[in-house]
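Containing mmCIF, C-alpha atoms: coords.cif.
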data_input
#
loop_
_atom_site.label_atom_id
_atom_site.label_comp_id
_atom_site.auth_asym_id
_atom_site.auth_seq_id
_atom_site.Cartn_x
_atom_site.Cartn_y
_atom_site.Cartn_z
CA MET A 196 81.38 88.87 89.84
CA THR A 197 78.67 86.80 91.54
CA LEU A 198 76.41 87.05 88.49
CA ALA A 199 79.24 86.00 86.17
CA THR A 200 80.11 83.02 88.37
CA SER A 201 76.47 81.92 88.64
CA ALA A 202 76.00 82.19 84.88
CA PHE A 203 79.12 80.12 84.34
CA HIS A 204 77.90 77.43 86.74
CA SER A 205 74.48 77.31 85.09
CA SER A 206 76.06 76.80 81.65
CA VAL A 207 77.93 73.68 82.79
CA PRO A 208 75.89 70.43 82.54
CA HIS A 209 75.07 68.96 85.89
CA PRO A 210 76.56 65.48 86.52
CA ALA A 211 73.12 64.13 87.37
CA TYR A 212 72.39 63.98 83.62
CA ALA A 213 75.31 61.65 83.02
CA SER A 214 74.54 57.97 82.61
CA ALA A 215 78.05 56.54 83.10
CA GLN A 216 80.83 57.12 85.60
CA PRO A 217 78.86 59.55 87.77
CA ALA A 218 81.57 59.73 90.44
CA ILE A 219 84.23 60.83 87.96
CA LYS A 220 81.98 63.42 86.36
CA SER A 221 80.87 64.69 89.76
CA GLY A 222 84.49 65.13 90.79
CA GLY A 223 85.24 66.97 87.56
CA PHE A 224 82.28 69.29 88.06
CA LEU A 225 83.39 70.00 91.64
CA SER A 226 86.92 70.85 90.54
CA LEU A 227 85.55 73.13 87.82
CA GLU A 228 83.26 74.78 90.36
CA LEU A 229 86.14 75.37 92.77
CA LEU A 230 88.36 76.70 90.01
CA SER A 231 85.82 79.19 88.70
CA SER A 232 84.87 80.31 92.20
CA GLY A 233 88.52 80.71 93.16
CA TRP A 234 89.29 82.86 90.13
CA ALA A 235 86.20 84.96 90.80
CA GLY A 236 87.34 85.53 94.39
CA PHE A 237 90.87 86.37 93.26
CA PHE A 238 89.76 89.05 90.81
CA ALA A 239 87.19 90.38 93.28
CA GLY A 240 89.94 90.74 95.90
CA CYS A 241 92.16 92.61 93.45
CA LEU A 242 89.30 94.88 92.42
CA HIS A 243 88.23 95.56 96.00
CA THR A 244 91.77 96.46 97.05
CA LEU A 245 92.76 98.62 94.09
CA SER A 246 89.44 100.46 94.05
CA GLY A 247 89.85 101.67 97.64
CA PRO A 248 91.35 105.19 97.64
CA ASP A 249 92.43 104.85 101.28
CA HIS A 250 94.43 101.74 100.36
CA LEU A 251 96.34 103.41 97.52
CA VAL A 252 96.93 106.67 99.38
CA ALA A 253 98.17 104.90 102.52
CA LEU A 254 100.67 102.72 100.66
CA ALA A 255 102.17 105.28 98.27
CA PRO A 256 104.31 107.12 100.88
CA LEU A 257 105.49 103.78 102.28
CA SER A 258 106.65 102.52 98.87
CA ILE A 259 108.41 105.51 97.28
CA GLY A 260 112.17 105.35 97.57
CA ARG A 261 112.36 101.60 98.16
CA SER A 262 113.57 98.86 95.85
CA ARG A 263 111.08 96.75 93.91
CA LEU A 264 111.44 93.79 96.26
CA GLU A 265 111.20 95.84 99.43
CA SER A 266 108.20 97.76 98.11
CA GLY A 267 106.48 94.51 97.17
CA LEU A 268 107.06 93.19 100.69
CA VAL A 269 105.53 96.37 102.13
CA GLY A 270 102.37 95.88 100.07
CA ALA A 271 102.16 92.16 100.76
CA LEU A 272 102.57 92.67 104.50
CA TRP A 273 99.98 95.44 104.44
CA GLY A 274 97.64 93.16 102.48
CA CYS A 275 98.08 90.39 105.06
CA GLY A 276 97.15 92.87 107.77
CA HIS A 277 94.12 93.94 105.76
CA ASP A 278 93.06 90.30 105.43
CA ALA A 279 93.52 89.78 109.17
CA GLY A 280 91.35 92.81 109.90
CA GLN A 281 88.60 91.57 107.61
CA ILE A 282 88.69 88.11 109.18
CA ILE A 283 88.57 89.57 112.70
CA PHE A 284 85.61 91.76 111.82
CA GLY A 285 83.81 88.88 110.12
CA LEU A 286 84.27 86.64 113.17
CA LEU A 287 83.09 89.40 115.52
CA PHE A 288 80.01 89.90 113.36
CA LEU A 289 79.18 86.18 113.45
CA LEU A 290 79.67 85.98 117.21
CA LEU A 291 78.14 89.32 118.25
CA LYS A 292 75.86 90.21 115.36
CA ASP A 293 72.94 90.95 117.71
CA ARG A 294 75.04 93.36 119.77
CA LEU A 295 77.06 95.11 117.09
CA HIS A 296 75.95 98.49 115.83
CA ILE A 297 77.24 98.62 112.26
CA GLU A 298 76.71 102.36 111.83
CA VAL A 299 78.68 103.17 114.99
CA LEU A 300 81.49 100.86 113.91
CA ARG A 301 81.55 102.44 110.47
CA ILE A 302 81.84 105.94 111.91
CA TRP A 303 84.63 105.09 114.33
CA GLY A 304 86.37 102.91 111.77
CA THR A 305 86.45 105.81 109.33
CA ARG A 306 87.88 108.07 112.02
CA VAL A 307 90.63 105.60 112.85
CA VAL A 308 91.48 105.24 109.14
CA GLY A 309 91.67 109.04 108.88
CA LEU A 310 94.06 109.19 111.83
CA THR A 311 96.30 106.49 110.34
CA LEU A 312 96.43 108.41 107.06
CA LEU A 313 97.49 111.52 108.98
CA LEU A 314 100.24 109.55 110.74
CA ILE A 315 101.46 108.00 107.50
CA GLY A 316 101.51 111.39 105.77
CA ALA A 317 103.32 113.06 108.68
CA THR A 318 105.91 110.29 108.75
CA GLY A 319 106.51 110.60 105.01
CA ILE A 320 106.90 114.39 105.25
CA ARG A 321 109.38 114.02 108.10
CA GLU A 322 111.45 111.48 106.18
CA ALA A 323 111.45 113.66 103.05
CA SER A 324 112.53 116.67 105.13
CA GLU A 325 115.38 114.69 106.68
CA VAL A 326 116.59 113.66 103.22
CA GLN A 327 116.44 117.28 102.03
CA GLU A 328 118.41 118.54 105.04
CA THR A 329 121.01 115.83 104.52
CA GLY A 330 121.37 116.86 100.87
CA LEU A 331 122.00 120.46 101.88
CA ILE A 332 124.67 119.37 104.36
CA LEU A 333 126.35 117.22 101.72
CA GLU A 334 126.37 120.16 99.32
CA GLY A 335 128.06 122.26 102.02
CA VAL A 336 130.69 119.58 102.50
CA ASP A 337 131.39 119.54 98.76
CA SER A 338 131.84 123.32 98.70
CA ASN A 339 134.23 123.13 101.64
CA MET A 340 136.28 120.52 99.83
CA SER A 341 136.45 122.67 96.71
CA GLY A 342 137.54 125.66 98.84
CA GLY A 343 140.43 123.77 100.32
CA GLU A 344 139.02 123.45 103.82
CA PRO A 345 139.56 120.22 105.76
CA LEU A 346 137.08 117.44 105.05
CA GLN A 347 134.37 116.95 107.64
CA GLN A 348 132.54 113.75 108.29
CA ALA A 349 129.38 113.86 106.12
CA PRO A 350 126.26 112.43 107.70
CA ALA A 351 124.74 109.40 106.09
CA ALA A 352 121.52 109.94 104.21
CA PRO A 353 118.50 108.68 106.16
CA ARG A 354 116.82 105.64 104.74
CA LYS A 355 113.27 104.44 104.81
CA LYS A 356 112.22 102.64 107.94
CA LYS A 357 112.29 98.88 107.76
CA VAL A 358 109.15 96.91 107.10
CA GLY A 359 107.71 95.76 110.39
CA PHE A 360 104.72 95.33 112.62
CA THR A 361 103.57 98.92 112.10
CA THR A 362 102.87 98.22 108.42
CA PHE A 363 100.92 95.08 109.34
CA ALA A 364 98.96 96.92 112.04
CA THR A 365 98.05 99.69 109.59
CA GLY A 366 96.60 97.07 107.25
CA VAL A 367 94.61 95.55 110.11
CA VAL A 368 93.10 98.96 110.91
CA HIS A 369 92.05 99.47 107.29
CA GLY A 370 90.60 95.95 107.19
CA LEU A 371 88.40 96.49 110.27
CA GLN A 372 85.65 98.10 108.26
CA PRO A 373 82.00 97.04 107.86
CA ASP A 374 82.51 96.75 104.12
CA ALA A 375 84.33 93.51 104.92
CA LEU A 376 80.86 91.95 105.11
CA LEU A 377 80.37 92.62 101.41
CA MET A 378 82.98 90.01 100.54
CA VAL A 379 80.86 87.35 102.26
CA LEU A 380 77.75 87.99 100.16
CA PRO A 381 79.05 86.50 96.87
CA ALA A 382 80.28 83.44 98.77
CA LEU A 383 76.77 82.88 100.17
CA ALA A 384 75.34 83.00 96.64
CA LEU A 385 77.59 80.22 95.32
CA PRO A 386 76.13 76.70 94.92
CA SER A 387 78.21 74.91 97.58
CA ARG A 388 80.24 75.52 100.70
CA PHE A 389 83.41 74.40 98.95
CA ALA A 390 82.87 77.00 96.26
CA GLY A 391 82.26 79.66 98.91
CA ALA A 392 85.41 78.69 100.77
CA ALA A 393 87.41 78.81 97.53
CA TYR A 394 85.99 82.25 96.79
CA LEU A 395 86.86 83.63 100.22
CA GLY A 396 90.33 82.10 100.27
CA MET A 397 91.25 83.44 96.86
CA PHE A 398 89.72 86.81 97.77
CA LEU A 399 92.32 87.10 100.53
CA VAL A 400 95.09 85.96 98.18
CA GLY A 401 94.00 88.52 95.60
CA THR A 402 94.23 91.27 98.22
CA VAL A 403 97.83 90.41 99.07
CA PHE A 404 98.80 89.98 95.42
CA SER A 405 97.29 93.27 94.26
CA MET A 406 98.79 95.27 97.11
CA GLY A 407 102.23 93.74 96.57
CA SER A 408 102.03 94.41 92.84
CA TYR A 409 100.90 98.00 93.35
CA THR A 410 103.68 98.87 95.80
CA ALA A 411 106.30 97.08 93.70
CA PHE A 412 105.22 99.17 90.71
CA VAL A 413 105.41 102.41 92.72
CA GLY A 414 108.80 101.50 94.14
CA SER A 415 110.29 100.47 90.79
CA CYS A 416 109.04 103.68 89.13
CA SER A 417 110.57 105.84 91.83
CA GLU A 418 113.85 103.93 91.59
CA ALA A 419 113.91 104.31 87.79
CA LEU A 420 113.28 108.06 88.00
CA LYS A 421 115.76 108.65 90.79
CA ASP A 422 118.80 108.50 88.48
CA ARG A 423 117.21 110.70 85.82
CA VAL A 424 115.44 113.41 87.81
CA PRO A 425 117.31 114.98 90.74
CA LYS A 426 115.52 114.75 94.11
CA ILE A 427 112.51 113.06 92.52
CA THR A 428 112.18 110.66 95.46
CA GLU A 429 111.84 113.50 97.94
CA LYS A 430 109.32 115.30 95.72
CA LEU A 431 107.21 112.18 95.20
CA THR A 432 107.30 111.42 98.92
CA TRP A 433 106.19 114.96 99.70
CA ALA A 434 103.34 114.74 97.17
CA ALA A 435 102.11 111.31 98.30
CA SER A 436 102.34 112.30 101.97
CA LEU A 437 100.40 115.51 101.40
CA VAL A 438 97.68 113.55 99.59
CA ALA A 439 97.51 111.14 102.54
CA VAL A 440 97.22 114.04 105.00
CA CYS A 441 94.52 115.73 102.91
CA MET A 442 92.50 112.55 102.61
CA GLY A 443 92.84 111.84 106.33
CA LEU A 444 91.59 115.33 107.14
CA ALA A 445 88.74 114.93 104.63
CA LEU A 446 87.65 111.66 106.27
CA LEU A 447 87.68 113.23 109.73
CA VAL A 448 85.94 116.43 108.66
CA GLY A 449 83.37 114.47 106.64
CA GLN A 450 82.21 112.73 109.83
CA PHE A 451 81.06 116.06 111.25
CA PHE A 452 79.33 117.25 108.07
CA GLY A 453 77.71 113.94 107.12
CA PHE A 454 79.52 113.08 103.88
CA THR A 455 82.01 110.36 102.93
CA LEU A 456 84.60 110.13 100.17
CA TYR A 457 83.82 106.48 99.34
#
Can you give me the file's structure in the form of structure tokens?
Amino acid sequence: MTLATSAFHSSVPHPAYASAQPAIKSGGFLSLELLSSGWAGFFAGCLHTLSGPDHLVALAPLSIGRSRLESGLVGALWGCGHDAGQIIFGLLFLLLKDRLHIEVLRIWGTRVVGLTLLLIGATGIREASEVQETGLILEGVDSNMSGGEPLQQAPAAPRKKKVGFTTFATGVVHGLQPDALLMVLPALALPSRFAGAAYLGMFLVGTVFSMGSYTAFVGSCSEALKDRVPKITEKLTWAASLVAVCMGLALLVGQFFGFTLY
């Protein structure tokens, strides 16, 4: 993305070659520079977010069984937390770069991400189990009604937990990774500070947009299949949660054997 942006800037004539109205042409060049840098940062943020397997695995159990709007809010809130984590790590690096040990932070950051994946997977499995138990109870109530026995009060089906601070905090944990420094490198290669600021700002916006779009897609697909395939929500939640647990275990085990998944 940096190479494409630099090539685009080099193909645009510099305003110093203009002989008339230099201020107007300089302003136009600056706006074009900000626009191209902003779009580059936006697409880089989308690519960075959607190419992270821990991002996709962590959000899938949180999105299945929700409406499109609620799922989108889950992803957007998680993306805001991810942005906050990246900003915090970037500021810590600038302030304490002589004291920070990047390799130690990477190891412990990976361990914390693995633990959060285990927690997310366990929570999804518990919610899917509660839904399955409630369905069995409801089936028993229906059979009692058909047998002429008095109607008992059927328990309400458990719903997904509301979107809250836990979702935001999970995003912060995933954002506190040393790879957050990689997003600064293209900004340093751009021709001006304004272009770098536009790149970084739109990088954060792209993260929130891509996460919200991904979770909205997952939630809408699960809602569409729920009416056609019986118990599909529970099955998808089980599958996504098991994948999260497996990946969390793989991240933790990989720290002891010296390999990483990404």
Practice task
Carefully work through the PyMOL selection byres ((chain A and resi 285-301) around 12) for this structure and note down the residues it includes, as a PyMOL selection string.
Solution key: chain A and resi 278-284+302-308+369-380+395+446+450+455
Handout entry: Selection result for the PyMOL selection byres ((chain A and resi 261) around 9) on this file, as a PyMOL selection string
Key = chain A and resi 257-260+262-266+354-355+411+413-415+417-418
Practice task
Name every residue that the PyMOL selection byres ((chain A and resi 391) around 10) selects in this structure, writing the answer as a list in words with chains first and numbers rising.
Solution key: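 Checked against the file, the PyMOL selection byres ((chain A and resi 391) around 10) matches Glu228, Leu229, Ser232, Gly233, Gly236, Val379, Leu380, Pro381, Ala382, Leu383, Ala384, Leu385, Pro386, Ser387, Arg388, Phe389, Ala390, Ala392, Ala393, Tyr394, Leu395, Gly396 and Met397 of chain A.
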Fill in the blank from the handout: Counting only C-alpha atoms, the residue among A:Ala255, A:Leu268, A:Leu314, A:Ala439 that lies closest to Cys416 of chain A is A:Ala255
Problem - Nearest to Ala317 of chain A, chosen from A:Phe398, A:Phe237, A:Trp273, A:Trp433, with only C-alpha atoms counted in the distances - result: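 Under the stated criterion, the closest residue is A:Trp433.
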Completion exercise
From atom CA of Phe404 of chain A to atom CA of Gly240 of chain A the spacing works out at 8.9 Å
Practice task
Using all atoms listed in the file, pick whichever of A:Gly359, A:Gly316, A:Gly366, A:Gly276 has the shortest atom-to-atom distance to His250 of chain A.
Solution key: A:Gly366
Problem - atom CA of Gly270 of chain A to atom CA of Lys430 of chain A, distance in Å rounded to a single decimal - result: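 Taking atom CA of Gly270 of chain A and atom CA of Lys430 of chain A, their separation equals 21.1 Å.
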Exercise for the section: Find the residue from A:Val368, A:Ala434, A:Val440, A:Ile427 that sits nearest to His277 of chain A; use only C-alpha atoms when measuring. Expected result: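 Ranking A:Val368, A:Ala434, A:Val440, A:Ile427 by distance to His277 of chain A, first place goes to A:Val368.
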Handout entry: Atomic distance atom CA of Ala419 of chain A - atom CA of Pro248 of chain A, expressed in Å with one decimal
Key = 24.6 Å
Completion exercise
Using all atoms listed in the file, the shortest atom-to-atom distance to Gly274 of chain A among A:Thr311, A:Thr361, A:Thr244, A:Ser226 belongs to A:Thr244
Find the spatial neighbours of Ser436 of chain A, counting only C-alpha atoms, within a cut-off of 9 Å - ignore same-chain residues fewer than 4 positions away - and output them as a JSON list (two decimals) with C-alpha atoms, in the coordinates of the input.
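Now in around_27.json:
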[["chain", "number", "residue", "atom", "x", "y", "z"],
["A", 252, "VAL", "CA", 96.93, 106.67, 99.38],
["A", 253, "ALA", "CA", 98.17, 104.90, 102.52],
["A", 255, "ALA", "CA", 102.17, 105.28, 98.27],
["A", 256, "PRO", "CA", 104.31, 107.12, 100.88],
["A", 312, "LEU", "CA", 96.43, 108.41, 107.06],
["A", 313, "LEU", "CA", 97.49, 111.52, 108.98],
["A", 315, "ILE", "CA", 101.46, 108.00, 107.50],
["A", 316, "GLY", "CA", 101.51, 111.39, 105.77],
["A", 317, "ALA", "CA", 103.32, 113.06, 108.68],
["A", 318, "THR", "CA", 105.91, 110.29, 108.75],
["A", 319, "GLY", "CA", 106.51, 110.60, 105.01],
["A", 320, "ILE", "CA", 106.90, 114.39, 105.25],
["A", 431, "LEU", "CA", 107.21, 112.18, 95.20],
["A", 432, "THR", "CA", 107.30, 111.42, 98.92],
["A", 440, "VAL", "CA", 97.22, 114.04, 105.00],
["A", 441, "CYS", "CA", 94.52, 115.73, 102.91]]
Exercise for the section: For Ser246 of chain A, list every protein, DNA or RNA residue within 12 Å, evaluated using all atoms listed in the file, and leave out those in the same chain fewer than 5 positions away; present the list as a list of chain:residue names. Expected result: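 That gives A:Phe238, A:Ala239, A:Gly240, A:Cys241, A:Leu251, A:Val252, A:Thr402, A:Ser405, A:Met406, A:Tyr409, A:Tyr457.
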Restricting the output to C-alpha atoms, write the selected residues as an mmCIF file, in the coordinates of the input.
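Output file out.cif is given in full below:
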data_model
loop_
_atom_site.group_PDB
_atom_site.id
_atom_site.type_symbol
_atom_site.label_atom_id
_atom_site.label_comp_id
_atom_site.auth_asym_id
_atom_site.auth_seq_id
_atom_site.Cartn_x
_atom_site.Cartn_y
_atom_site.Cartn_z
ATOM 1 C CA PHE A 238 89.760 89.050 90.810
ATOM 2 C CA ALA A 239 87.190 90.380 93.280
ATOM 3 C CA GLY A 240 89.940 90.740 95.900
ATOM 4 C CA CYS A 241 92.160 92.610 93.450
ATOM 5 C CA LEU A 251 96.340 103.410 97.520
ATOM 6 C CA VAL A 252 96.930 106.670 99.380
ATOM 7 C CA THR A 402 94.230 91.270 98.220
ATOM 8 C CA SER A 405 97.290 93.270 94.260
ATOM 9 C CA MET A 406 98.790 95.270 97.110
ATOM 10 C CA TYR A 409 100.900 98.000 93.350
ATOM 11 C CA TYR A 457 83.820 106.480 99.340
#
